[in-house]
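One file, protein.cif, is given below (mmCIF, C-alpha atoms and all ligand atoms).
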data_entry
loop_
_atom_site.label_atom_id
_atom_site.label_comp_id
_atom_site.auth_asym_id
_atom_site.auth_seq_id
_atom_site.Cartn_x
_atom_site.Cartn_y
_atom_site.Cartn_z
CA MET A 179 -41.76 33.76 105.92
CA ASP A 180 -43.58 37.01 106.30
CA ASN A 181 -46.45 37.52 103.88
CA ALA A 182 -46.01 41.28 103.84
CA GLU A 183 -44.43 42.85 100.81
CA VAL A 184 -40.77 43.83 100.87
CA ARG A 185 -40.45 46.95 103.03
CA LEU A 186 -37.73 48.87 101.34
CA VAL A 187 -35.87 51.83 102.81
CA SER A 188 -35.79 54.18 99.84
CA GLY A 189 -34.37 57.60 100.53
CA LYS A 190 -36.06 58.64 103.77
CA ASP A 191 -39.20 56.63 103.09
CA ILE A 192 -40.33 53.08 103.56
CA VAL A 193 -41.84 51.89 100.31
CA SER A 194 -42.99 48.48 99.22
CA LEU A 195 -41.20 46.66 96.46
CA GLU A 196 -43.35 44.54 94.23
CA GLN A 197 -42.39 41.08 93.10
CA GLU A 198 -41.91 42.29 89.52
CA GLY A 199 -39.53 45.04 90.53
CA LEU A 200 -37.43 42.60 92.46
CA ALA A 201 -37.52 40.02 89.66
CA ALA A 202 -36.33 42.65 87.17
CA LEU A 203 -33.41 43.65 89.38
CA ARG A 204 -32.55 40.05 89.99
CA GLY A 205 -32.71 39.23 86.29
CA ARG A 206 -30.12 41.92 85.55
CA SER A 207 -27.73 40.67 88.23
CA ARG A 208 -24.93 38.18 87.89
CA GLN A 209 -24.93 37.46 91.60
CA VAL A 210 -27.14 38.25 94.59
CA VAL A 211 -25.58 38.93 98.00
CA VAL A 212 -27.71 39.37 101.12
CA ASP A 213 -26.01 41.18 104.01
CA VAL A 214 -27.98 40.20 107.11
CA GLY A 215 -27.84 42.65 110.04
CA THR A 216 -26.48 45.27 107.69
CA GLY A 217 -26.53 48.07 110.30
CA ASP A 218 -25.77 51.39 108.59
CA ALA A 219 -25.36 49.43 105.31
CA ARG A 220 -22.06 51.06 104.46
CA MET A 221 -20.41 47.74 103.75
CA ALA A 222 -23.35 46.72 101.54
CA TYR A 223 -23.13 50.07 99.75
CA ARG A 224 -19.41 49.64 99.07
CA LEU A 225 -20.00 46.11 97.82
CA ALA A 226 -22.77 47.24 95.47
CA GLN A 227 -20.64 50.09 94.20
CA ALA A 228 -17.67 47.80 93.55
CA HIS A 229 -19.84 45.25 91.72
CA PRO A 230 -22.41 47.05 89.57
CA ASP A 231 -23.48 43.74 88.02
CA TRP A 232 -24.42 42.30 91.44
CA LEU A 233 -27.60 42.87 93.40
CA VAL A 234 -26.73 43.59 97.03
CA ILE A 235 -29.53 43.41 99.60
CA GLY A 236 -28.96 44.75 103.09
CA LEU A 237 -31.45 43.47 105.66
CA ASP A 238 -31.94 44.85 109.16
CA PRO A 239 -34.99 45.48 111.38
CA ASN A 240 -33.51 48.83 112.45
CA TRP A 241 -34.50 50.75 109.33
CA ARG A 242 -33.56 54.12 110.82
CA GLY A 243 -29.93 53.06 110.83
CA MET A 244 -30.03 52.54 107.07
CA ILE A 245 -31.52 55.92 106.09
CA GLU A 246 -28.28 57.79 105.45
CA THR A 247 -27.02 55.09 103.09
CA ALA A 248 -30.47 54.76 101.51
CA VAL A 249 -30.52 58.46 100.70
CA ARG A 250 -27.02 58.33 99.22
CA SER A 251 -27.76 55.21 97.18
CA ARG A 252 -30.75 56.84 95.45
CA ARG A 253 -28.74 59.74 94.03
CA LYS A 254 -27.60 59.77 90.43
CA PRO A 255 -24.71 57.33 89.93
CA ALA A 256 -22.30 60.22 89.31
CA ARG A 257 -23.15 61.51 92.79
CA GLY A 258 -22.73 58.20 94.57
CA GLY A 259 -25.98 56.50 93.67
CA VAL A 260 -26.01 52.70 93.53
CA PRO A 261 -29.18 51.34 91.88
CA ASN A 262 -28.12 47.75 92.60
CA LEU A 263 -28.47 48.18 96.39
CA LEU A 264 -31.73 47.33 98.16
CA LEU A 265 -32.19 47.99 101.87
CA VAL A 266 -34.90 45.86 103.43
CA ALA A 267 -36.45 46.55 106.84
CA ALA A 268 -36.94 43.08 108.31
CA SER A 269 -35.61 40.62 110.87
CA ILE A 270 -33.98 37.47 109.62
CA GLU A 271 -36.44 35.41 111.67
CA THR A 272 -39.27 36.70 109.42
CA PRO A 273 -37.77 37.58 106.05
CA PRO A 274 -40.20 38.71 103.35
CA GLU A 275 -41.26 35.74 101.26
CA GLU A 276 -40.13 37.58 98.12
CA LEU A 277 -36.55 37.05 99.29
CA ALA A 278 -36.94 33.28 99.51
CA GLY A 279 -34.06 31.53 97.76
CA ILE A 280 -32.72 34.78 96.31
CA ALA A 281 -29.14 34.78 97.62
CA ASP A 282 -26.09 33.25 95.98
CA GLU A 283 -24.21 34.45 99.02
CA VAL A 284 -25.35 35.37 102.52
CA ARG A 285 -23.07 37.40 104.77
CA VAL A 286 -23.41 38.31 108.42
CA LEU A 287 -20.81 40.74 109.80
CA MET A 288 -20.39 41.57 113.45
CA PRO A 289 -23.87 40.37 114.47
CA TRP A 290 -25.42 41.62 117.68
CA GLY A 291 -28.58 41.07 119.73
CA ALA A 292 -31.02 38.42 118.58
CA LEU A 293 -28.95 37.79 115.46
CA LEU A 294 -25.76 37.00 117.39
CA ARG A 295 -27.64 34.89 119.90
CA GLY A 296 -29.50 32.90 117.26
CA LEU A 297 -26.32 32.18 115.32
CA VAL A 298 -24.16 31.27 118.31
CA LEU A 299 -26.84 29.04 119.81
CA GLY A 300 -27.94 27.69 116.44
CA GLU A 301 -31.55 28.69 117.00
CA PRO A 302 -33.95 27.40 114.33
CA ASP A 303 -35.63 30.76 113.62
CA VAL A 304 -32.43 32.70 112.92
CA CYS A 305 -30.56 29.88 111.15
CA GLY A 306 -33.74 28.91 109.31
CA GLY A 307 -34.14 32.53 108.17
CA LEU A 308 -30.63 32.51 106.71
CA ARG A 309 -31.47 29.28 104.94
CA GLN A 310 -34.73 30.76 103.62
CA VAL A 311 -33.04 33.64 101.81
CA ALA A 312 -30.31 31.39 100.39
CA ARG A 313 -30.69 29.40 97.21
CA PRO A 314 -29.57 25.76 97.44
CA ALA A 315 -25.74 25.57 97.47
CA ALA A 316 -25.42 29.25 98.34
CA THR A 317 -22.50 30.14 100.59
CA VAL A 318 -23.12 31.57 104.02
CA GLU A 319 -20.36 33.43 105.84
CA VAL A 320 -20.71 34.62 109.42
CA THR A 321 -18.01 36.81 110.97
CA VAL A 322 -17.92 37.57 114.68
CA GLY A 323 -15.32 39.65 116.53
CA THR A 324 -13.85 37.50 119.28
CA SER A 325 -13.16 40.47 121.57
CA ILE A 326 -16.80 40.41 122.66
CA TRP A 327 -15.83 37.48 124.90
CA SER A 328 -13.00 39.44 126.54
CA PRO A 329 -13.64 41.25 129.83
CA PRO A 330 -15.69 43.28 130.34
CA VAL A 331 -18.05 40.92 128.54
CA PRO A 332 -21.25 42.78 127.55
CA ALA A 333 -24.46 41.66 129.28
CA GLY A 334 -25.98 40.20 126.12
CA VAL A 335 -22.95 37.99 125.56
CA ARG A 336 -22.23 36.71 129.07
CA ASP A 337 -24.37 33.59 128.76
CA LEU A 338 -23.30 32.85 125.19
CA PRO A 339 -20.69 30.14 124.64
CA GLU A 340 -17.54 31.34 122.91
CA LEU A 341 -17.29 30.43 119.25
CA THR A 342 -14.25 28.17 119.46
CA ALA A 343 -13.42 25.73 116.69
CA ASP A 344 -14.44 22.83 118.97
CA TYR A 345 -17.77 24.44 119.79
CA VAL A 346 -18.46 25.13 116.12
CA ARG A 347 -17.61 21.55 115.13
CA ASP A 348 -19.22 19.63 118.01
CA THR A 349 -22.22 21.74 118.99
CA LEU A 350 -23.05 24.25 116.31
CA ALA A 351 -22.61 22.13 113.18
CA PRO A 352 -25.43 19.69 114.06
CA ARG A 353 -27.75 22.56 115.01
CA TRP A 354 -27.10 24.54 111.83
CA ALA A 355 -27.46 21.32 109.84
CA ARG A 356 -30.95 20.87 111.25
CA ALA A 357 -31.78 24.30 109.82
CA GLY A 358 -30.34 23.32 106.43
CA LEU A 359 -26.92 24.95 106.76
CA ARG A 360 -23.94 22.61 106.38
CA ILE A 361 -20.89 24.10 108.05
CA THR A 362 -17.86 23.71 105.81
CA GLY A 363 -15.20 25.40 107.87
CA THR A 364 -14.22 27.82 110.58
CA ASP A 365 -11.17 30.03 110.91
CA LEU A 366 -9.71 32.75 113.03
CA VAL A 367 -8.58 35.64 110.87
CA ARG A 368 -7.05 38.98 111.68
CA ALA A 369 -9.27 41.92 110.82
CA GLU A 370 -6.47 43.45 108.79
CA ALA A 371 -6.34 40.32 106.60
CA ALA A 372 -10.06 40.16 105.99
CA ALA A 373 -10.82 42.27 102.95
CA GLY A 374 -13.95 44.38 103.22
CA LEU A 375 -14.43 43.77 106.91
CA ALA A 376 -13.66 47.29 108.04
CA THR A 377 -17.32 47.72 108.86
CA SER A 378 -18.70 50.50 111.00
CA TRP A 379 -19.22 48.13 113.88
CA ALA A 380 -15.81 46.61 113.64
CA ARG A 381 -14.51 50.13 114.21
CA ARG A 382 -17.06 51.06 116.86
CA LEU A 383 -16.33 47.97 118.92
CA GLY A 384 -12.78 49.20 119.08
CA SER A 385 -11.60 46.25 117.07
CA GLY A 386 -8.26 47.47 115.88
CA ARG A 387 -6.33 45.97 113.08
CA THR A 388 -5.29 43.16 115.39
CA GLU A 389 -8.84 42.07 116.25
CA LEU A 390 -9.31 38.35 115.75
CA LEU A 391 -12.43 37.45 113.88
CA ARG A 392 -14.13 34.07 114.01
CA GLN A 393 -15.47 33.17 110.60
CA VAL A 394 -17.88 30.31 110.10
CA THR A 395 -18.67 29.28 106.55
CA ALA A 396 -21.54 27.08 105.48
CA VAL A 397 -23.41 25.92 102.42
CA ALA A 398 -27.18 25.97 102.12
CA ALA A 399 -28.40 22.43 101.67
CA SER A 400 -31.37 21.48 99.55
CA ARG A 401 -34.60 21.88 101.49
CA THR A 402 -35.44 18.22 101.50
CA ASN A 403 -32.07 16.84 102.49
CA PRO A 404 -29.79 19.01 104.58
CA GLY A 405 -27.22 16.19 104.76
CA PRO A 406 -24.72 15.61 107.51
CA ALA A 407 -22.58 18.45 108.76
CA VAL A 408 -19.03 18.53 107.46
CA THR A 409 -16.53 19.55 110.10
C1 LIG A 501 -23.19 45.33 115.57
S1 LIG A 501 -24.33 45.71 114.26
C2 LIG A 501 -23.36 45.29 112.81
C3 LIG A 501 -23.79 46.04 111.61
C4 LIG A 501 -22.94 45.80 110.34
N1 LIG A 501 -23.01 44.42 109.91
C5 LIG A 501 -21.50 46.24 110.56
O1 LIG A 501 -20.64 45.36 110.69
O2 LIG A 501 -21.26 47.46 110.59
C6 LIG A 501 -25.46 44.34 114.37
C7 LIG A 501 -26.73 44.54 113.56
O3 LIG A 501 -27.52 43.35 113.66
C8 LIG A 501 -28.87 43.74 113.56
N2 LIG A 501 -29.74 42.69 114.05
C9 LIG A 501 -29.97 42.31 115.33
N3 LIG A 501 -30.89 41.36 115.37
C10 LIG A 501 -31.25 41.09 114.08
C11 LIG A 501 -32.16 40.17 113.47
N4 LIG A 501 -32.90 39.35 114.22
N5 LIG A 501 -32.26 40.14 112.13
C12 LIG A 501 -31.49 40.98 111.37
N6 LIG A 501 -30.63 41.87 111.90
C13 LIG A 501 -30.51 41.93 113.23
C14 LIG A 501 -28.92 45.01 114.42
O4 LIG A 501 -30.07 45.80 114.14
C15 LIG A 501 -27.60 45.68 114.05
O5 LIG A 501 -27.79 46.62 113.01
#

Let me see whether you can do it: turn the structure in this file into structure tokens.
Amino acid sequence: MDNAEVRLVSGKDIVSLEQEGLAALRGRSRQVVVDVGTGDARMAYRLAQAHPDWLVIGLDPNWRGMIETAVRSRRKPARGGVPNLLLVAASIETPPEELAGIADEVRVLMPWGALLRGLVLGEPDVCGGLRQVARPAATVEVTVGTSIWSPPVPAGVRDLPELTADYVRDTLAPRWARAGLRITGTDLVRAEAAAGLATSWARRLGSGRTELLRQVTAVAASRTNPGPAVT
């Protein structure tokens, strides 16, 4: 974990959030959701708006992409402000230590770059980072659009194995388990059937309503005993 304070995108500025501020927000929340690779954070914003008693934390190293939503979220509630949304500038490989064990639920939607690679290959830094922000028994849900493996396959995906059910069960489950994430299931779902998945990137990737999404769900194991993977 990174020792730096939480770098928060607040309006157009990067500010640091102190431990007490975070603890106060957390104390008021019934549930904490961390959206990893939040992109423009619109999905996180909608989630926070729909659940005022939750704390929603969007995390992405590309802080510029979050500015528009950050500005909107800091308005008065009547003008679209959502005080229960925090946007954190960080990579999942080095999450701020203040976020350790904070999440009841971790979501990753349409990952790309190092995030996609780390999840698909089960790399310890990315999977370990997800585990770090999750509390024990938290749910982790990763959703990947399967069209990225259809020709023309983008350069960053060409050497990545496709997330088939067999690959998830035989190869990925043991790797995620070593990072403390016990895979509990995997499904193919149609984008139209997946509530709340109309994210900006789902649209930008041209994933129409018929896009098939691969969802992998997991549970964060206790730190001392990840336990065997359930397939
Ligand atoms: C295709 S976008 C998806 C954004 C959003 N989830 C959506 O569905 O609209 C993928 C995001 O993953 C972020 N990302 C890539 N590597 C990351 C990492 N190591 N840690 C956290 N986020 C990462 C990128 O900055 C980008 O914003």

Using all atoms listed in the file: which of A:Arg356, A:Arg220, A:Arg309, A:Arg392 has the shortest distance to Met288 of chain A: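 With all atoms listed in the file as the atom set, the closest residue is A:Arg392.
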
Nearest to Gly363 of chain A: which of A:Thr349, A:Thr395, A:Gln310, A:Thr388 is it, counting only C-alpha atoms? A:Thr395

Given all atoms listed in the file, how would the per-residue table for chain A near ligand LIG 501 (chain A) read, listing every residue at most 7 Å away with its closest atom pair and distance in Å to one decimal, sorted by chain and number, as JSON lines?
{"residue": "A:Val214", "atom": "CA", "partner": "A:LIG501", "partner_atom": "C12", "distance": 5.6}
{"residue": "A:Gly215", "atom": "CA", "partner": "A:LIG501", "partner_atom": "N6", "distance": 3.4}
{"residue": "A:Thr216", "atom": "CA", "partner": "A:LIG501", "partner_atom": "N1", "distance": 4.2}
{"residue": "A:Gly217", "atom": "CA", "partner": "A:LIG501", "partner_atom": "O5", "distance": 3.3}
{"residue": "A:Asp218", "atom": "CA", "partner": "A:LIG501", "partner_atom": "O2", "distance": 6.3}
{"residue": "A:Ala219", "atom": "CA", "partner": "A:LIG501", "partner_atom": "C4", "distance": 6.7}
{"residue": "A:Met221", "atom": "CA", "partner": "A:LIG501", "partner_atom": "O2", "distance": 6.9}
{"residue": "A:Leu237", "atom": "CA", "partner": "A:LIG501", "partner_atom": "C12", "distance": 6.2}
{"residue": "A:Asp238", "atom": "CA", "partner": "A:LIG501", "partner_atom": "N6", "distance": 4.3}
{"residue": "A:Pro239", "atom": "CA", "partner": "A:LIG501", "partner_atom": "O4", "distance": 5.7}
{"residue": "A:Asn240", "atom": "CA", "partner": "A:LIG501", "partner_atom": "O4", "distance": 4.9}
{"residue": "A:Ala268", "atom": "CA", "partner": "A:LIG501", "partner_atom": "C12", "distance": 6.6}
{"residue": "A:Ser269", "atom": "CA", "partner": "A:LIG501", "partner_atom": "N5", "distance": 3.6}
{"residue": "A:Ile270", "atom": "CA", "partner": "A:LIG501", "partner_atom": "N5", "distance": 4.0}
{"residue": "A:Glu271", "atom": "CA", "partner": "A:LIG501", "partner_atom": "N4", "distance": 5.9}
{"residue": "A:Val286", "atom": "CA", "partner": "A:LIG501", "partner_atom": "N1", "distance": 6.3}
{"residue": "A:Leu287", "atom": "CA", "partner": "A:LIG501", "partner_atom": "N1", "distance": 4.3}
{"residue": "A:Met288", "atom": "CA", "partner": "A:LIG501", "partner_atom": "O1", "distance": 4.7}
{"residue": "A:Pro289", "atom": "CA", "partner": "A:LIG501", "partner_atom": "C6", "distance": 4.3}
{"residue": "A:Trp290", "atom": "CA", "partner": "A:LIG501", "partner_atom": "C6", "distance": 4.3}
{"residue": "A:Gly291", "atom": "CA", "partner": "A:LIG501", "partner_atom": "C9", "distance": 4.8}
{"residue": "A:Ala292", "atom": "CA", "partner": "A:LIG501", "partner_atom": "N3", "distance": 4.4}
{"residue": "A:Leu293", "atom": "CA", "partner": "A:LIG501", "partner_atom": "N3", "distance": 4.1}
{"residue": "A:Val304", "atom": "CA", "partner": "A:LIG501", "partner_atom": "N4", "distance": 6.8}
{"residue": "A:Thr377", "atom": "CA", "partner": "A:LIG501", "partner_atom": "O2", "distance": 4.3}
{"residue": "A:Ser378", "atom": "CA", "partner": "A:LIG501", "partner_atom": "O2", "distance": 4.0}
{"residue": "A:Trp379", "atom": "CA", "partner": "A:LIG501", "partner_atom": "O2", "distance": 3.9}
{"residue": "A:Ala380", "atom": "CA", "partner": "A:LIG501", "partner_atom": "O1", "distance": 5.8}

Pull C-alpha atoms from the residues just selected and write them as a tab-separated table (two decimals), in the frame of the given file.
chain	number	residue	atom	x	y	z
A	214	VAL	CA	-27.98	40.20	107.11
A	215	GLY	CA	-27.84	42.65	110.04
A	216	THR	CA	-26.48	45.27	107.69
A	217	GLY	CA	-26.53	48.07	110.30
A	218	ASP	CA	-25.77	51.39	108.59
A	219	ALA	CA	-25.36	49.43	105.31
A	221	MET	CA	-20.41	47.74	103.75
A	237	LEU	CA	-31.45	43.47	105.66
A	238	ASP	CA	-31.94	44.85	109.16
A	239	PRO	CA	-34.99	45.48	111.38
A	240	ASN	CA	-33.51	48.83	112.45
A	268	ALA	CA	-36.94	43.08	108.31
A	269	SER	CA	-35.61	40.62	110.87
A	270	ILE	CA	-33.98	37.47	109.62
A	271	GLU	CA	-36.44	35.41	111.67
A	286	VAL	CA	-23.41	38.31	108.42
A	287	LEU	CA	-20.81	40.74	109.80
A	288	MET	CA	-20.39	41.57	113.45
A	289	PRO	CA	-23.87	40.37	114.47
A	290	TRP	CA	-25.42	41.62	117.68
A	291	GLY	CA	-28.58	41.07	119.73
A	292	ALA	CA	-31.02	38.42	118.58
A	293	LEU	CA	-28.95	37.79	115.46
A	304	VAL	CA	-32.43	32.70	112.92
A	377	THR	CA	-17.32	47.72	108.86
A	378	SER	CA	-18.70	50.50	111.00
A	379	TRP	CA	-19.22	48.13	113.88
A	380	ALA	CA	-15.81	46.61	113.64

Taking all atoms listed in the file into account, which of A:Leu263, A:Leu277, A:Val346, A:Ile326 comes nearest Ala248 of chain A?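 Closest candidate: A:Leu263.
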
Would you mind listing, for every residue of segment 179-233 of chain A within 6 Å of segment 282-285 of chain A, the two atoms forming the shortest contact and the distance between them in Å to one decimal, using all atoms listed in the file, sorted by chain and ascending residue number, as JSON lines?
{"residue": "A:Val210", "atom": "CA", "partner": "A:Asp282", "partner_atom": "CA", "distance": 5.3}
{"residue": "A:Val211", "atom": "CA", "partner": "A:Glu283", "partner_atom": "CA", "distance": 4.8}
{"residue": "A:Val212", "atom": "CA", "partner": "A:Val284", "partner_atom": "CA", "distance": 4.9}
{"residue": "A:Asp213", "atom": "CA", "partner": "A:Arg285", "partner_atom": "CA", "distance": 4.8}

Place a sphere of radius 12 Å on (-22.6, 49.3, 93.0) in the file coordinates and name every protein, DNA or RNA residue with an atom inside or on its surface, counting all atoms listed in the file; give the answer as a PyMOL selection string. chain A and resi 207+211+220-235+250-252+254-256+258-264

From the set A:Ser325, A:Ser400, A:Thr247, A:Gln209, which residue has the shortest atom-to-atom contact distance to Lys190 of chain A, counting all atoms listed in the file?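 Counting all atoms listed in the file, the residue closest to Lys190 of chain A is A:Thr247.
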
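The residue that comes closest to Ile361 of chain A, out of A:Thr324, A:Thr317, A:Thr272, A:Ser188 and on the basis of all atoms listed in the file, is A:Thr317.
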
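Ranking A:Arg204, A:Trp241, A:Ala278, A:Glu246 by their shortest atom-to-atom distance to Gly189 of chain A, with only C-alpha atoms included, puts A:Glu246 first.
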
What is the atom CA of Gly300 of chain A to atom CA of Arg353 of chain A distance in Å?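 Taking atom CA of Gly300 of chain A and atom CA of Arg353 of chain A, their separation equals 5.3 Å.
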
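When atom CA of Gly279 of chain A is paired with atom CA of Arg347 of chain A, their separation reads 25.9 Å.
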
Give me, please, the distance in Å between atom CA of Leu350 of chain A and atom CA of Leu299 of chain A, quoted to one decimal.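 About the pair atom CA of Leu350 of chain A and atom CA of Leu299 of chain A: they are 7.0 Å apart.
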
Counting only C-alpha atoms, find residues at most 8 Å from (-26.4, 29.9, 100.3) (file frame) and give them as number ranges by chain. A: 281-284, 309, 311-318, 396-399
